[in-house]
>>> print(open('data19.pdb').read())   # PDB, C-alpha atoms (C1' of nucleotides)
ATOM      1  CA  MET A  19     114.857 -14.923 -64.381  1.00  0.00           C
ATOM      2  CA  ASN A  20     117.840 -17.131 -65.144  1.00  0.00           C
ATOM      3  CA  HIS A  21     117.943 -20.480 -66.829  1.00  0.00           C
ATOM      4  CA  TRP A  22     120.127 -23.443 -65.993  1.00  0.00           C
ATOM      5  CA  LEU A  23     120.909 -27.021 -66.836  1.00  0.00           C
ATOM      6  CA  VAL A  24     121.927 -29.690 -64.370  1.00  0.00           C
ATOM      7  CA  LYS A  25     123.105 -33.203 -65.070  1.00  0.00           C
ATOM      8  CA  SER A  26     122.328 -36.354 -63.236  1.00  0.00           C
ATOM      9  CA  GLU A  27     123.190 -39.908 -64.006  1.00  0.00           C
ATOM     10  CA  PRO A  28     119.826 -41.670 -64.042  1.00  0.00           C
ATOM     11  CA  VAL A  29     121.456 -44.648 -62.335  1.00  0.00           C
ATOM     12  CA  LYS A  30     122.159 -42.413 -59.362  1.00  0.00           C
ATOM     13  CA  TYR A  31     119.209 -40.037 -59.483  1.00  0.00           C
ATOM     14  CA  SER A  32     116.664 -40.055 -62.276  1.00  0.00           C
ATOM     15  CA  TRP A  33     113.918 -37.643 -63.264  1.00  0.00           C
ATOM     16  CA  GLU A  34     111.393 -40.373 -62.412  1.00  0.00           C
ATOM     17  CA  GLN A  35     112.737 -40.551 -58.881  1.00  0.00           C
ATOM     18  CA  PHE A  36     112.763 -36.760 -58.719  1.00  0.00           C
ATOM     19  CA  GLU A  37     109.070 -36.642 -59.688  1.00  0.00           C
ATOM     20  CA  LYS A  38     108.271 -39.268 -57.105  1.00  0.00           C
ATOM     21  CA  ASP A  39     110.165 -37.398 -54.407  1.00  0.00           C
ATOM     22  CA  GLY A  40     108.525 -34.085 -55.252  1.00  0.00           C
ATOM     23  CA  ASN A  41     111.700 -32.180 -54.469  1.00  0.00           C
ATOM     24  CA  ALA A  42     115.415 -32.749 -54.204  1.00  0.00           C
ATOM     25  CA  VAL A  43     118.406 -31.389 -52.373  1.00  0.00           C
ATOM     26  CA  TRP A  44     120.932 -30.938 -55.152  1.00  0.00           C
ATOM     27  CA  ASP A  45     123.975 -32.181 -53.286  1.00  0.00           C
ATOM     28  CA  GLY A  46     127.303 -33.632 -54.265  1.00  0.00           C
ATOM     29  CA  VAL A  47     128.586 -30.763 -56.406  1.00  0.00           C
ATOM     30  CA  ARG A  48     132.362 -30.706 -55.939  1.00  0.00           C
ATOM     31  CA  ASN A  49     133.456 -28.410 -58.680  1.00  0.00           C
ATOM     32  CA  TYR A  50     133.986 -24.698 -58.208  1.00  0.00           C
ATOM     33  CA  GLN A  51     132.461 -23.598 -61.447  1.00  0.00           C
ATOM     34  CA  ALA A  52     129.388 -25.714 -60.858  1.00  0.00           C
ATOM     35  CA  ARG A  53     129.258 -24.449 -57.280  1.00  0.00           C
ATOM     36  CA  ASN A  54     129.377 -20.849 -58.455  1.00  0.00           C
ATOM     37  CA  ASN A  55     126.448 -21.562 -60.716  1.00  0.00           C
ATOM     38  CA  LEU A  56     124.479 -23.080 -57.841  1.00  0.00           C
ATOM     39  CA  GLN A  57     125.121 -19.949 -55.813  1.00  0.00           C
ATOM     40  CA  ALA A  58     123.834 -17.776 -58.614  1.00  0.00           C
ATOM     41  CA  MET A  59     120.491 -19.581 -58.781  1.00  0.00           C
ATOM     42  CA  LYS A  60     117.491 -17.635 -57.601  1.00  0.00           C
ATOM     43  CA  LYS A  61     114.223 -18.946 -56.277  1.00  0.00           C
ATOM     44  CA  GLY A  62     111.901 -19.519 -59.217  1.00  0.00           C
ATOM     45  CA  ASP A  63     114.653 -20.017 -61.806  1.00  0.00           C
ATOM     46  CA  LEU A  64     114.002 -22.842 -64.230  1.00  0.00           C
ATOM     47  CA  VAL A  65     116.448 -25.687 -64.560  1.00  0.00           C
ATOM     48  CA  MET A  66     116.681 -28.219 -67.348  1.00  0.00           C
ATOM     49  CA  PHE A  67     117.218 -31.735 -66.022  1.00  0.00           C
ATOM     50  CA  TYR A  68     119.640 -33.743 -68.130  1.00  0.00           C
ATOM     51  CA  HIS A  69     120.327 -37.452 -67.939  1.00  0.00           C
ATOM     52  CA  SER A  70     124.011 -38.110 -68.493  1.00  0.00           C
ATOM     53  CA  ASN A  71     125.692 -41.368 -69.468  1.00  0.00           C
ATOM     54  CA  GLU A  72     122.434 -43.239 -69.853  1.00  0.00           C
ATOM     55  CA  GLY A  73     119.753 -41.589 -71.912  1.00  0.00           C
ATOM     56  CA  MET A  74     121.843 -38.556 -72.692  1.00  0.00           C
ATOM     57  CA  CYS A  75     118.840 -36.303 -72.978  1.00  0.00           C
ATOM     58  CA  VAL A  76     117.023 -33.425 -71.348  1.00  0.00           C
ATOM     59  CA  VAL A  77     113.972 -34.991 -69.745  1.00  0.00           C
ATOM     60  CA  GLY A  78     112.259 -32.252 -67.808  1.00  0.00           C
ATOM     61  CA  ILE A  79     112.335 -28.888 -66.168  1.00  0.00           C
ATOM     62  CA  ALA A  80     112.841 -28.245 -62.492  1.00  0.00           C
ATOM     63  CA  LYS A  81     112.351 -25.101 -60.477  1.00  0.00           C
ATOM     64  CA  VAL A  82     114.578 -23.662 -57.787  1.00  0.00           C
ATOM     65  CA  VAL A  83     112.543 -23.719 -54.581  1.00  0.00           C
ATOM     66  CA  LYS A  84     115.310 -22.827 -52.158  1.00  0.00           C
ATOM     67  CA  GLU A  85     118.444 -20.852 -52.826  1.00  0.00           C
ATOM     68  CA  PHE A  86     121.908 -22.095 -51.902  1.00  0.00           C
ATOM     69  CA  TYR A  87     122.927 -23.165 -48.430  1.00  0.00           C
ATOM     70  CA  PRO A  88     125.815 -25.300 -47.103  1.00  0.00           C
ATOM     71  CA  ASP A  89     125.881 -28.889 -48.338  1.00  0.00           C
ATOM     72  CA  PRO A  90     124.574 -30.977 -45.423  1.00  0.00           C
ATOM     73  CA  THR A  91     126.307 -34.092 -46.721  1.00  0.00           C
ATOM     74  CA  ILE A  92     129.820 -32.803 -46.134  1.00  0.00           C
ATOM     75  CA  ASP A  93     131.622 -30.968 -43.361  1.00  0.00           C
ATOM     76  CA  ASP A  94     133.193 -28.403 -45.635  1.00  0.00           C
ATOM     77  CA  PRO A  95     131.810 -24.866 -45.965  1.00  0.00           C
ATOM     78  CA  ARG A  96     133.044 -24.522 -49.520  1.00  0.00           C
ATOM     79  CA  TRP A  97     130.260 -26.629 -50.973  1.00  0.00           C
ATOM     80  CA  VAL A  98     126.622 -25.685 -51.281  1.00  0.00           C
ATOM     81  CA  VAL A  99     123.315 -27.140 -52.414  1.00  0.00           C
ATOM     82  CA  VAL A 100     119.992 -25.804 -53.674  1.00  0.00           C
ATOM     83  CA  ASP A 101     116.549 -27.358 -53.428  1.00  0.00           C
ATOM     84  CA  LEU A 102     114.800 -28.207 -56.679  1.00  0.00           C
ATOM     85  CA  ALA A 103     111.249 -29.332 -57.399  1.00  0.00           C
ATOM     86  CA  PRO A 104     109.850 -30.819 -60.606  1.00  0.00           C
ATOM     87  CA  HIS A 105     108.170 -28.177 -62.720  1.00  0.00           C
ATOM     88  CA  LYS A 106     107.284 -29.825 -65.984  1.00  0.00           C
ATOM     89  CA  LYS A 107     108.176 -32.967 -67.840  1.00  0.00           C
ATOM     90  CA  LEU A 108     109.068 -32.588 -71.493  1.00  0.00           C
ATOM     91  CA  LYS A 109     106.617 -34.311 -73.832  1.00  0.00           C
ATOM     92  CA  LYS A 110     109.570 -35.907 -75.528  1.00  0.00           C
ATOM     93  CA  PRO A 111     113.143 -35.973 -74.303  1.00  0.00           C
ATOM     94  CA  VAL A 112     115.619 -33.839 -76.194  1.00  0.00           C
ATOM     95  CA  THR A 113     118.690 -35.935 -76.893  1.00  0.00           C
ATOM     96  CA  LEU A 114     122.251 -34.763 -76.987  1.00  0.00           C
ATOM     97  CA  GLU A 115     122.241 -35.812 -80.616  1.00  0.00           C
ATOM     98  CA  THR A 116     119.377 -33.430 -81.345  1.00  0.00           C
ATOM     99  CA  ILE A 117     121.082 -30.632 -79.468  1.00  0.00           C
ATOM    100  CA  LYS A 118     124.339 -31.180 -81.322  1.00  0.00           C
ATOM    101  CA  ALA A 119     122.515 -31.162 -84.633  1.00  0.00           C
ATOM    102  CA  ASP A 120     120.645 -27.940 -83.886  1.00  0.00           C
ATOM    103  CA  GLU A 121     122.197 -24.858 -85.415  1.00  0.00           C
ATOM    104  CA  THR A 122     120.960 -22.542 -82.698  1.00  0.00           C
ATOM    105  CA  LEU A 123     122.437 -24.645 -79.894  1.00  0.00           C
ATOM    106  CA  GLN A 124     126.038 -24.826 -80.983  1.00  0.00           C
ATOM    107  CA  ASN A 125     127.311 -22.678 -78.141  1.00  0.00           C
ATOM    108  CA  ILE A 126     125.507 -24.473 -75.371  1.00  0.00           C
ATOM    109  CA  GLY A 127     127.662 -25.349 -72.363  1.00  0.00           C
ATOM    110  CA  LEU A 128     126.557 -28.939 -72.627  1.00  0.00           C
ATOM    111  CA  ILE A 129     128.578 -29.306 -75.816  1.00  0.00           C
ATOM    112  CA  ARG A 130     131.346 -26.817 -75.131  1.00  0.00           C
ATOM    113  CA  GLN A 131     132.109 -27.983 -71.631  1.00  0.00           C
ATOM    114  CA  GLY A 132     131.073 -31.577 -71.494  1.00  0.00           C
ATOM    115  CA  ARG A 133     132.136 -32.268 -67.948  1.00  0.00           C
ATOM    116  CA  LEU A 134     130.476 -29.382 -66.183  1.00  0.00           C
ATOM    117  CA  SER A 135     127.470 -30.580 -64.174  1.00  0.00           C
ATOM    118  CA  VAL A 136     125.711 -27.265 -63.459  1.00  0.00           C
ATOM    119  CA  MET A 137     125.674 -24.631 -66.167  1.00  0.00           C
ATOM    120  CA  PRO A 138     123.784 -21.537 -67.235  1.00  0.00           C
ATOM    121  CA  LEU A 139     121.634 -21.468 -70.357  1.00  0.00           C
ATOM    122  CA  THR A 140     120.590 -18.396 -72.267  1.00  0.00           C
ATOM    123  CA  LYS A 141     116.872 -17.778 -72.561  1.00  0.00           C
ATOM    124  CA  ASP A 142     117.127 -18.569 -76.260  1.00  0.00           C
ATOM    125  CA  GLU A 143     118.802 -21.909 -75.594  1.00  0.00           C
ATOM    126  CA  PHE A 144     116.250 -22.728 -72.932  1.00  0.00           C
ATOM    127  CA  ASP A 145     113.306 -21.832 -75.153  1.00  0.00           C
ATOM    128  CA  ARG A 146     114.774 -23.746 -78.049  1.00  0.00           C
ATOM    129  CA  ILE A 147     115.165 -26.962 -76.038  1.00  0.00           C
ATOM    130  CA  LEU A 148     111.682 -26.469 -74.652  1.00  0.00           C
ATOM    131  CA  LYS A 149     110.361 -26.223 -78.182  1.00  0.00           C
ATOM    132  CA  LEU A 150     112.298 -29.266 -79.339  1.00  0.00           C
ATOM    133  CA  GLY A 151     110.817 -31.190 -76.431  1.00  0.00           C
ATOM    134  CA  SER A 152     107.192 -30.326 -77.037  1.00  0.00           C
TER     135      SER A 152
ATOM    136  C1'  DG B   7     135.770 -50.502 -71.827  1.00  0.00           C
ATOM    137  C1'  DC B   8     138.249 -46.809 -73.859  1.00  0.00           C
ATOM    138  C1'  DC B   9     139.714 -42.329 -74.157  1.00  0.00           C
ATOM    139  C1'  DA B  10     139.508 -37.160 -74.480  1.00  0.00           C
ATOM    140  C1'  DA B  11     138.850 -33.248 -71.761  1.00  0.00           C
ATOM    141  C1'  DC B  12     139.726 -31.066 -67.887  1.00  0.00           C
ATOM    142  C1'  DG B  13     140.024 -30.215 -62.844  1.00  0.00           C
ATOM    143  C1'  DT B  14     142.932 -31.073 -58.754  1.00  0.00           C
ATOM    144  C1'  DT B  15     146.996 -32.219 -56.211  1.00  0.00           C
ATOM    145  C1'  DG B  16     151.533 -32.011 -54.794  1.00  0.00           C
ATOM    146  C1'  DG B  17     156.564 -31.652 -55.546  1.00  0.00           C
ATOM    147  C1'  DC B  18     159.839 -28.455 -56.636  1.00  0.00           C
TER     148       DC B  18
ATOM    149  C1'  DG C  11     153.738 -20.295 -59.246  1.00  0.00           C
ATOM    150  C1'  DC C  12     154.585 -23.941 -62.554  1.00  0.00           C
ATOM    151  C1'  DC C  13     153.705 -28.257 -64.276  1.00  0.00           C
ATOM    152  C1'  DA C  14     153.578 -33.326 -64.256  1.00  0.00           C
ATOM    153  C1'  DA C  15     150.864 -36.868 -62.486  1.00  0.00           C
ATOM    154  C1'  DC C  16     146.676 -38.383 -61.419  1.00  0.00           C
ATOM    155  C1'  DG C  17     141.562 -38.802 -60.913  1.00  0.00           C
ATOM    156  C1'  DT C  18     136.902 -38.094 -62.662  1.00  0.00           C
ATOM    157  C1'  DT C  19     133.317 -37.288 -65.938  1.00  0.00           C
ATOM    158  C1'  DG C  20     130.845 -38.560 -69.671  1.00  0.00           C
ATOM    159  C1'  DG C  21     130.411 -39.585 -74.720  1.00  0.00           C
ATOM    160  C1'  DC C  22     131.150 -43.145 -77.787  1.00  0.00           C
TER     161       DC C  22
END
>>> encode(input="data19.pdb", output="structure tokens")
Amino acid sequence: MNHWLVKSEPVKYSWEQFEKDGNAVWDGVRNYQARNNLQAMKKGDLVMFYHSNEGMCVVGIAKVVKEFYPDPTIDDPRWVVVDLAPHKKLKKPVTLETIKADETLQNIGLIRQGRLSVMPLTKDEFDRILKLGS
DNA sequence: GCCAACGTTGGC
DNA sequence: GCCAACGTTGGC
């Protein structure tokens, strides 16, 4: 199983809304690297849900419920979406500050490539954040 | 609101 | 194919 992290600005789409909806079509990705990551997601993979700009913290874990297919919001075959469903909310959010301060998370994409909105995590990174959030 | 990082576009 | 200009993201 692979592990991922996606970002969302809570103003646009928050974890709370995601939980209320029960599932989400992860649309709007317009970056090739992020797109490639979406395409690599497999059903059942776990995905950290990060609030960018406001909050700046990992708030919960989602699960891939449907693998990639063409983005229905745009007439351009280059872009794809996946379907995500809430899996588990973290007991306490893990802030960017915490992640930056953690020795074992220095190589995380979140820090190294700040602007990427969909990125892979190693199992160690995933487990570490999970632990920090429980 | 500013700015650094970085991706994309378009002229040559 | 290079690179300058420009736009966007996201932390601060």
>>> interface_residues(input="data19.pdb", of="chain C", to="chain A", cutoff="8 Å", atoms="only C-alpha atoms (C1' of nucleotides)", output="list in words")
DT19, DG20 and DG21 of chain C
>>> resolve_selection(input="data19.pdb", expression="the PyMOL selection byres ((chain A and resi 47) around 9)", output="PDB file with C-alpha atoms, in the frame of the given file")
ATOM      1  CA  TRP A  44     120.932 -30.938 -55.152  1.00  0.00           C
ATOM      2  CA  ASP A  45     123.975 -32.181 -53.286  1.00  0.00           C
ATOM      3  CA  GLY A  46     127.303 -33.632 -54.265  1.00  0.00           C
ATOM      4  CA  ARG A  48     132.362 -30.706 -55.939  1.00  0.00           C
ATOM      5  CA  ASN A  49     133.456 -28.410 -58.680  1.00  0.00           C
ATOM      6  CA  TYR A  50     133.986 -24.698 -58.208  1.00  0.00           C
ATOM      7  CA  ALA A  52     129.388 -25.714 -60.858  1.00  0.00           C
ATOM      8  CA  ARG A  53     129.258 -24.449 -57.280  1.00  0.00           C
ATOM      9  CA  LEU A  56     124.479 -23.080 -57.841  1.00  0.00           C
ATOM     10  CA  ASP A  89     125.881 -28.889 -48.338  1.00  0.00           C
ATOM     11  CA  TRP A  97     130.260 -26.629 -50.973  1.00  0.00           C
ATOM     12  CA  VAL A  98     126.622 -25.685 -51.281  1.00  0.00           C
ATOM     13  CA  VAL A  99     123.315 -27.140 -52.414  1.00  0.00           C
ATOM     14  CA  SER A 135     127.470 -30.580 -64.174  1.00  0.00           C
ATOM     15  CA  VAL A 136     125.711 -27.265 -63.459  1.00  0.00           C
TER      16      VAL A 136
END
>>> closest_residue(input="data19.pdb", among="A:Gly62, A:Gly151, A:Pro138, A:Pro95", to="Val82 of chain A", atoms="only C-alpha atoms")
A:Gly62
>>> resolve_selection(input="data19.pdb", expression="the PyMOL selection byres ((chain A and resi 19) around 8)", output="list in words")
Asn20, His21, Lys60, Gly62, Asp63 and Leu64 of chain A
>>> atom_distance(input="data19.pdb", atom1="atom CA of Ser26 of chain A", atom2="atom CA of Thr116 of chain A")
18.6 Å
>>> atom_distance(input="data19.pdb", atom1="atom CA of Pro88 of chain A", atom2="atom CA of Met137 of chain A")
19.1 Å
>>> residues_near_point(input="data19.pdb", point="(143.5, -37.2, -63.1)", cutoff="8 Å", atoms="all atoms listed in the file", output="ChimeraX atom specification")
/B:13-14 /C:15-18
>>> atom_distance(input="data19.pdb", atom1="atom CA of Gly73 of chain A", atom2="atom CA of Thr91 of chain A")
27.1 Å
>>> resolve_selection(input="data19.pdb", expression="the PyMOL selection byres ((chain A and resi 66-68) around 8)", output="MDAnalysis selection string")
chainID A and resid 21:26 33 64:65 69:70 74:80 144
